[in-house]
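Text of input.txt, listed as compact mmCIF, N, CA and C atoms:
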# COMPACT_ATOMS: atom_id res chain seq x y z
N MET A 966 0.81 -1.19 0.00
CA MET A 966 0.00 0.00 0.00
C MET A 966 0.85 1.26 0.00
N ARG A 967 2.07 1.15 0.53
CA ARG A 967 2.94 2.33 0.59
C ARG A 967 3.29 2.81 -0.82
N LEU A 968 3.49 1.85 -1.76
CA LEU A 968 3.82 2.24 -3.13
C LEU A 968 2.68 3.03 -3.74
N GLY A 969 1.45 2.58 -3.50
CA GLY A 969 0.29 3.30 -4.02
C GLY A 969 0.22 4.71 -3.47
N THR A 970 0.54 4.88 -2.21
CA THR A 970 0.56 6.21 -1.59
C THR A 970 1.61 7.09 -2.25
N CYS A 971 2.80 6.52 -2.51
CA CYS A 971 3.87 7.29 -3.16
C CYS A 971 3.49 7.68 -4.57
N LEU A 972 2.85 6.75 -5.29
CA LEU A 972 2.44 7.06 -6.66
C LEU A 972 1.37 8.14 -6.67
N LEU A 973 0.44 8.07 -5.73
CA LEU A 973 -0.60 9.09 -5.63
C LEU A 973 0.03 10.44 -5.29
N ALA A 974 0.96 10.45 -4.33
CA ALA A 974 1.63 11.70 -3.96
C ALA A 974 2.40 12.27 -5.13
N ALA A 975 3.08 11.41 -5.88
CA ALA A 975 3.85 11.88 -7.03
C ALA A 975 2.93 12.46 -8.10
N SER A 976 1.78 11.84 -8.33
CA SER A 976 0.87 12.36 -9.35
C SER A 976 0.24 13.68 -8.90
N LEU A 977 -0.01 13.81 -7.60
CA LEU A 977 -0.56 15.07 -7.09
C LEU A 977 0.46 16.20 -7.23
N VAL A 978 1.71 15.90 -6.91
CA VAL A 978 2.75 16.92 -7.04
C VAL A 978 2.93 17.31 -8.51
N ALA A 979 2.88 16.32 -9.40
CA ALA A 979 3.06 16.60 -10.82
C ALA A 979 1.93 17.48 -11.36
N SER A 980 0.76 17.40 -10.75
CA SER A 980 -0.36 18.19 -11.23
C SER A 980 -0.38 19.62 -10.67
N LEU A 981 0.46 19.89 -9.68
CA LEU A 981 0.53 21.24 -9.11
C LEU A 981 1.29 22.18 -10.03
N PRO A 982 1.02 23.46 -9.94
CA PRO A 982 1.83 24.41 -10.69
C PRO A 982 3.30 24.28 -10.26
N SER A 983 4.23 24.51 -11.17
CA SER A 983 5.64 24.27 -10.89
C SER A 983 6.16 25.12 -9.74
N ARG A 984 5.69 26.34 -9.58
CA ARG A 984 6.20 27.17 -8.48
C ARG A 984 5.77 26.62 -7.13
N LEU A 985 4.58 26.04 -7.05
CA LEU A 985 4.10 25.46 -5.80
C LEU A 985 4.82 24.14 -5.52
N ALA A 986 4.99 23.30 -6.55
CA ALA A 986 5.64 22.00 -6.37
C ALA A 986 7.08 22.18 -5.93
N ALA A 987 7.76 23.19 -6.41
CA ALA A 987 9.16 23.41 -6.05
C ALA A 987 9.29 23.84 -4.59
N SER A 988 8.29 24.54 -4.08
CA SER A 988 8.39 25.02 -2.71
C SER A 988 7.85 24.01 -1.70
N ASP A 989 7.20 22.94 -2.14
CA ASP A 989 6.60 21.98 -1.24
C ASP A 989 6.93 20.56 -1.69
N PRO A 990 8.21 20.13 -1.52
CA PRO A 990 8.59 18.81 -1.99
C PRO A 990 7.92 17.70 -1.18
N VAL A 991 7.68 16.57 -1.83
CA VAL A 991 7.07 15.41 -1.19
C VAL A 991 8.17 14.40 -0.88
N SER A 992 8.20 13.89 0.33
CA SER A 992 9.19 12.88 0.71
C SER A 992 8.77 11.52 0.14
N HIS A 993 9.72 10.81 -0.46
CA HIS A 993 9.46 9.48 -1.00
C HIS A 993 10.26 8.43 -0.24
N ALA A 994 10.47 8.64 1.05
CA ALA A 994 11.30 7.74 1.85
C ALA A 994 10.72 6.33 1.91
N GLY A 995 9.42 6.17 1.78
CA GLY A 995 8.82 4.85 1.91
C GLY A 995 8.50 4.17 0.60
N CYS A 996 8.95 4.71 -0.52
CA CYS A 996 8.65 4.11 -1.83
C CYS A 996 9.39 2.79 -2.01
N ALA A 997 9.01 2.05 -3.06
CA ALA A 997 9.54 0.69 -3.28
C ALA A 997 11.00 0.68 -3.68
N ALA A 998 11.48 1.69 -4.37
CA ALA A 998 12.86 1.69 -4.83
C ALA A 998 13.80 1.87 -3.64
N PRO A 999 14.87 1.08 -3.59
CA PRO A 999 15.78 1.21 -2.45
C PRO A 999 16.53 2.53 -2.48
N GLY A 1000 16.84 3.06 -1.30
CA GLY A 1000 17.55 4.32 -1.21
C GLY A 1000 19.04 4.16 -1.47
N ASP A 1001 19.60 3.00 -1.16
CA ASP A 1001 21.02 2.75 -1.38
C ASP A 1001 21.25 2.27 -2.80
N PRO A 1002 22.38 2.62 -3.39
CA PRO A 1002 22.68 2.12 -4.73
C PRO A 1002 22.79 0.59 -4.72
N VAL A 1003 22.41 -0.01 -5.80
CA VAL A 1003 22.48 -1.46 -5.94
C VAL A 1003 23.85 -1.82 -6.52
N ASP A 1004 24.48 -2.82 -5.95
CA ASP A 1004 25.76 -3.30 -6.45
C ASP A 1004 25.55 -3.88 -7.85
N PRO A 1005 26.21 -3.34 -8.87
CA PRO A 1005 26.02 -3.84 -10.24
C PRO A 1005 26.36 -5.33 -10.38
N ALA A 1006 27.27 -5.84 -9.56
CA ALA A 1006 27.61 -7.27 -9.62
C ALA A 1006 26.41 -8.14 -9.27
N LEU A 1007 25.55 -7.66 -8.40
CA LEU A 1007 24.34 -8.40 -8.04
C LEU A 1007 23.44 -8.56 -9.26
N LEU A 1008 23.34 -7.54 -10.07
CA LEU A 1008 22.48 -7.58 -11.25
C LEU A 1008 23.04 -8.46 -12.36
N GLU A 1009 24.33 -8.79 -12.29
CA GLU A 1009 24.97 -9.63 -13.31
C GLU A 1009 24.87 -11.12 -12.98
N ARG A 1010 24.51 -11.46 -11.76
CA ARG A 1010 24.45 -12.87 -11.36
C ARG A 1010 23.42 -13.63 -12.18
N PRO A 1011 23.76 -14.85 -12.60
CA PRO A 1011 22.77 -15.67 -13.31
C PRO A 1011 21.56 -15.95 -12.43
N VAL A 1012 20.44 -16.20 -13.06
CA VAL A 1012 19.20 -16.47 -12.35
C VAL A 1012 18.55 -17.70 -12.97
N THR A 1013 17.76 -18.40 -12.20
CA THR A 1013 17.03 -19.56 -12.72
C THR A 1013 15.56 -19.19 -12.89
N LEU A 1014 14.83 -20.04 -13.57
CA LEU A 1014 13.40 -19.81 -13.72
C LEU A 1014 12.71 -20.08 -12.40
N LYS A 1015 11.79 -19.22 -12.06
CA LYS A 1015 11.05 -19.32 -10.81
C LYS A 1015 9.60 -19.65 -11.15
N PRO A 1016 9.11 -20.81 -10.74
CA PRO A 1016 7.77 -21.24 -11.15
C PRO A 1016 6.62 -20.50 -10.49
N ASP A 1017 6.83 -19.87 -9.35
CA ASP A 1017 5.71 -19.31 -8.58
C ASP A 1017 5.63 -17.78 -8.59
N VAL A 1018 6.14 -17.12 -9.63
CA VAL A 1018 6.11 -15.66 -9.64
C VAL A 1018 4.91 -15.10 -10.40
N GLY A 1019 4.13 -15.96 -11.02
CA GLY A 1019 3.02 -15.50 -11.84
C GLY A 1019 3.36 -15.73 -13.30
N LYS A 1020 2.48 -15.29 -14.18
CA LYS A 1020 2.72 -15.52 -15.60
C LYS A 1020 2.23 -14.36 -16.44
N VAL A 1021 3.17 -13.62 -16.97
CA VAL A 1021 2.87 -12.60 -17.96
C VAL A 1021 3.54 -13.07 -19.24
N ARG A 1022 2.84 -13.03 -20.33
CA ARG A 1022 3.39 -13.50 -21.61
C ARG A 1022 3.27 -12.39 -22.63
N GLN A 1023 4.40 -12.06 -23.25
CA GLN A 1023 4.40 -11.09 -24.35
C GLN A 1023 5.35 -11.62 -25.40
N LYS A 1024 4.82 -11.93 -26.55
CA LYS A 1024 5.63 -12.47 -27.65
C LYS A 1024 6.59 -11.40 -28.12
N ILE A 1025 7.87 -11.76 -28.19
CA ILE A 1025 8.91 -10.84 -28.67
C ILE A 1025 9.62 -11.47 -29.86
N THR A 1026 10.35 -10.67 -30.58
CA THR A 1026 11.10 -11.16 -31.73
C THR A 1026 12.44 -11.70 -31.26
N THR A 1027 12.50 -13.02 -31.15
CA THR A 1027 13.74 -13.71 -30.79
C THR A 1027 13.65 -15.12 -31.33
N SER A 1028 14.78 -15.67 -31.67
CA SER A 1028 14.82 -17.06 -32.14
C SER A 1028 15.10 -18.01 -30.98
N SER A 1029 15.33 -17.48 -29.80
CA SER A 1029 15.69 -18.29 -28.64
C SER A 1029 14.48 -18.46 -27.71
N ALA A 1030 14.08 -19.71 -27.53
CA ALA A 1030 12.98 -20.00 -26.60
C ALA A 1030 13.38 -19.63 -25.17
N GLU A 1031 14.65 -19.82 -24.84
CA GLU A 1031 15.13 -19.48 -23.50
C GLU A 1031 15.05 -17.97 -23.26
N ALA A 1032 15.42 -17.18 -24.27
CA ALA A 1032 15.32 -15.73 -24.13
C ALA A 1032 13.87 -15.31 -23.93
N GLN A 1033 12.94 -15.92 -24.66
CA GLN A 1033 11.52 -15.62 -24.50
C GLN A 1033 11.05 -15.94 -23.09
N THR A 1034 11.46 -17.09 -22.57
CA THR A 1034 11.04 -17.51 -21.24
C THR A 1034 11.57 -16.57 -20.15
N PHE A 1035 12.85 -16.22 -20.24
CA PHE A 1035 13.41 -15.32 -19.24
C PHE A 1035 12.87 -13.89 -19.39
N TYR A 1036 12.57 -13.48 -20.63
CA TYR A 1036 11.94 -12.17 -20.83
C TYR A 1036 10.59 -12.14 -20.13
N ASP A 1037 9.79 -13.19 -20.33
CA ASP A 1037 8.47 -13.25 -19.69
C ASP A 1037 8.58 -13.21 -18.17
N GLN A 1038 9.57 -13.93 -17.62
CA GLN A 1038 9.77 -13.90 -16.18
C GLN A 1038 10.17 -12.49 -15.73
N GLY A 1039 11.08 -11.86 -16.47
CA GLY A 1039 11.49 -10.49 -16.13
C GLY A 1039 10.32 -9.53 -16.17
N LEU A 1040 9.47 -9.68 -17.18
CA LEU A 1040 8.31 -8.81 -17.30
C LEU A 1040 7.33 -9.02 -16.14
N THR A 1041 7.14 -10.28 -15.76
CA THR A 1041 6.28 -10.58 -14.61
C THR A 1041 6.83 -9.92 -13.35
N LEU A 1042 8.13 -10.08 -13.12
CA LEU A 1042 8.75 -9.48 -11.93
C LEU A 1042 8.72 -7.96 -11.98
N LEU A 1043 8.86 -7.40 -13.16
CA LEU A 1043 8.78 -5.95 -13.33
C LEU A 1043 7.39 -5.45 -12.93
N HIS A 1044 6.36 -6.19 -13.31
CA HIS A 1044 4.98 -5.82 -12.95
C HIS A 1044 4.73 -5.95 -11.45
N HIS A 1045 5.54 -6.76 -10.78
CA HIS A 1045 5.42 -6.93 -9.33
C HIS A 1045 6.38 -6.01 -8.57
N TYR A 1046 7.07 -5.12 -9.29
CA TYR A 1046 8.03 -4.17 -8.70
C TYR A 1046 9.20 -4.87 -8.02
N VAL A 1047 9.58 -6.04 -8.51
CA VAL A 1047 10.75 -6.77 -8.00
C VAL A 1047 11.88 -6.48 -8.98
N PHE A 1048 12.44 -5.29 -8.88
CA PHE A 1048 13.34 -4.77 -9.90
C PHE A 1048 14.66 -5.52 -10.01
N ILE A 1049 15.24 -5.94 -8.90
CA ILE A 1049 16.53 -6.64 -8.96
C ILE A 1049 16.38 -7.96 -9.70
N GLU A 1050 15.39 -8.75 -9.31
CA GLU A 1050 15.19 -10.04 -9.97
C GLU A 1050 14.73 -9.86 -11.42
N ALA A 1051 13.99 -8.82 -11.69
CA ALA A 1051 13.60 -8.53 -13.08
C ALA A 1051 14.83 -8.23 -13.92
N ALA A 1052 15.73 -7.40 -13.40
CA ALA A 1052 16.96 -7.08 -14.13
C ALA A 1052 17.78 -8.33 -14.37
N ARG A 1053 17.88 -9.19 -13.38
CA ARG A 1053 18.64 -10.44 -13.54
C ARG A 1053 18.00 -11.33 -14.59
N SER A 1054 16.68 -11.38 -14.65
CA SER A 1054 15.99 -12.19 -15.66
C SER A 1054 16.21 -11.64 -17.06
N PHE A 1055 16.13 -10.32 -17.21
CA PHE A 1055 16.38 -9.73 -18.53
C PHE A 1055 17.82 -9.96 -18.96
N ARG A 1056 18.76 -9.88 -18.03
CA ARG A 1056 20.17 -10.17 -18.37
C ARG A 1056 20.34 -11.62 -18.79
N GLU A 1057 19.63 -12.52 -18.13
CA GLU A 1057 19.69 -13.93 -18.51
C GLU A 1057 19.13 -14.12 -19.92
N ALA A 1058 18.07 -13.42 -20.24
CA ALA A 1058 17.51 -13.49 -21.59
C ALA A 1058 18.52 -12.97 -22.61
N LEU A 1059 19.24 -11.92 -22.24
CA LEU A 1059 20.24 -11.35 -23.15
C LEU A 1059 21.44 -12.27 -23.33
N ARG A 1060 21.70 -13.14 -22.38
CA ARG A 1060 22.78 -14.12 -22.56
C ARG A 1060 22.42 -15.09 -23.69
N SER A 1061 21.12 -15.38 -23.84
CA SER A 1061 20.66 -16.28 -24.90
C SER A 1061 20.53 -15.56 -26.24
N ASP A 1062 20.14 -14.29 -26.20
CA ASP A 1062 19.96 -13.52 -27.44
C ASP A 1062 20.39 -12.08 -27.19
N PRO A 1063 21.67 -11.77 -27.41
CA PRO A 1063 22.18 -10.42 -27.13
C PRO A 1063 21.59 -9.34 -28.03
N ASP A 1064 20.92 -9.73 -29.11
CA ASP A 1064 20.32 -8.75 -30.02
C ASP A 1064 18.84 -8.52 -29.77
N CYS A 1065 18.31 -9.06 -28.69
CA CYS A 1065 16.88 -8.93 -28.38
C CYS A 1065 16.58 -7.52 -27.86
N ALA A 1066 15.95 -6.72 -28.71
CA ALA A 1066 15.67 -5.32 -28.36
C ALA A 1066 14.74 -5.21 -27.15
N MET A 1067 13.72 -6.04 -27.08
CA MET A 1067 12.78 -5.96 -25.96
C MET A 1067 13.43 -6.38 -24.65
N CYS A 1068 14.42 -7.27 -24.72
CA CYS A 1068 15.15 -7.65 -23.50
C CYS A 1068 15.95 -6.46 -22.99
N TRP A 1069 16.56 -5.72 -23.91
CA TRP A 1069 17.29 -4.50 -23.51
C TRP A 1069 16.32 -3.47 -22.93
N MET A 1070 15.14 -3.35 -23.53
CA MET A 1070 14.14 -2.39 -23.03
C MET A 1070 13.67 -2.80 -21.63
N GLY A 1071 13.43 -4.08 -21.42
CA GLY A 1071 13.04 -4.56 -20.09
C GLY A 1071 14.11 -4.30 -19.05
N LEU A 1072 15.36 -4.53 -19.44
CA LEU A 1072 16.47 -4.27 -18.53
C LEU A 1072 16.53 -2.79 -18.16
N ALA A 1073 16.33 -1.93 -19.15
CA ALA A 1073 16.34 -0.49 -18.88
C ALA A 1073 15.21 -0.11 -17.92
N ARG A 1074 14.03 -0.71 -18.09
CA ARG A 1074 12.91 -0.41 -17.19
C ARG A 1074 13.20 -0.88 -15.77
N ALA A 1075 13.83 -2.04 -15.64
CA ALA A 1075 14.19 -2.54 -14.31
C ALA A 1075 15.24 -1.63 -13.66
N GLU A 1076 16.22 -1.21 -14.44
CA GLU A 1076 17.25 -0.30 -13.92
C GLU A 1076 16.62 1.04 -13.53
N GLN A 1077 15.65 1.47 -14.29
CA GLN A 1077 14.94 2.72 -13.97
C GLN A 1077 14.20 2.56 -12.65
N GLY A 1078 13.58 1.42 -12.44
CA GLY A 1078 12.89 1.16 -11.18
C GLY A 1078 13.83 1.16 -9.99
N LEU A 1079 15.08 0.77 -10.23
CA LEU A 1079 16.09 0.79 -9.18
C LEU A 1079 16.72 2.17 -9.01
N GLU A 1080 16.24 3.12 -9.78
CA GLU A 1080 16.74 4.50 -9.77
C GLU A 1080 18.22 4.55 -10.10
N ARG A 1081 18.62 3.73 -11.08
CA ARG A 1081 20.00 3.73 -11.58
C ARG A 1081 20.00 4.45 -12.92
N SER A 1082 19.82 5.75 -12.89
CA SER A 1082 19.65 6.54 -14.12
C SER A 1082 20.86 6.47 -15.02
N ALA A 1083 22.06 6.32 -14.48
CA ALA A 1083 23.25 6.23 -15.33
C ALA A 1083 23.21 4.96 -16.17
N ALA A 1084 22.60 3.90 -15.65
CA ALA A 1084 22.53 2.63 -16.38
C ALA A 1084 21.48 2.65 -17.47
N THR A 1085 20.52 3.56 -17.39
CA THR A 1085 19.44 3.60 -18.39
C THR A 1085 19.71 4.59 -19.49
N ALA A 1086 20.78 5.35 -19.40
CA ALA A 1086 21.06 6.36 -20.42
C ALA A 1086 21.58 5.76 -21.70
Please rewrite the model in this file as structure tokens.
Amino acid sequence: MRLGTCLLAASLVASLPSRLAASDPVSHAGCAAPGDPVDPALLERPVTLKPDVGKVRQKITTSSAEAQTFYDQGLTLLHHYVFIEAARSFREALRSDPDCAMCWMGLARAEQGLERSAATA
């Protein structure tokens, strides 16, 4: 529920006039993204398929069934705001198909969720 509160607060601030929003910042201390930087080595670790995370399926252009499977897992985890495991799943998909554009896009979205803006540029 805390994430919903942060999203609501962020949307309310975004709808305020810029002069008011600048003078009344909203604290996001309780949001889902961690405040400490994430060790990039953690995001590089291989990951296995997890059977109990749910199932989101989005067909992507890849010749690798393994890349498709790990992309789907990453997308599912991304929808659950589990950004570290999502990033690891997208990286695993990229190990199978380094040219998969949607896998790169998913990885960028996971990095964005971790507030690693330098990694998404």
Near-segment 1038-1047 of chain A list (6.5 Å; only N, CA and C atoms; drop same-chain fewer than 3 positions) as number ranges by chain: A: 1018-1021, 1033-1035, 1050-1052, 1054-1055, 1075
Given 8 Å on each side, where is the centre and what are the edge lengths in Å to one decimal of the axis-aligned box enclosing the listed atoms of segment 1031-1036 of chain A, as AutoDock Vina command-line options?
--center_x 13.0 --center_y -16.0 --center_z -22.0 --size_x 20.8 --size_y 23.7 --size_z 21.6
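Between Gln1023 of chain A and the residues A:Pro1005, A:Asp1037, A:Cys1065, A:Pro1011, the shortest atom-to-atom distance, using only N, CA and C atoms, involves A:Asp1037.
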Contacts of Ala1032 of chain A at 6 Å (only C-alpha atoms; same-chain gap of 3+ positions) as a ChimeraX atom specification: /A:1029,1035-1036,1058,1061
Atom pair atom CA of Leu1008 of chain A / atom CA of Asp1064 of chain A: separation (Å): 18.9 Å
Distance of atom N of Trp1069 of chain A from atom C of Val1003 of chain A, expressed in Å to one decimal place: 19.3 Å
Top pick for closest residue to Glu1057 of chain A, considering A:Leu1007, A:Met1070, A:Ala1030, A:Val1012 and counting only C-alpha atoms: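 Closest residue, counting only C-alpha atoms: A:Val1012.
Atom N of Arg1053 of chain A is found 8.9 Å from atom CA of Glu1076 of chain A.
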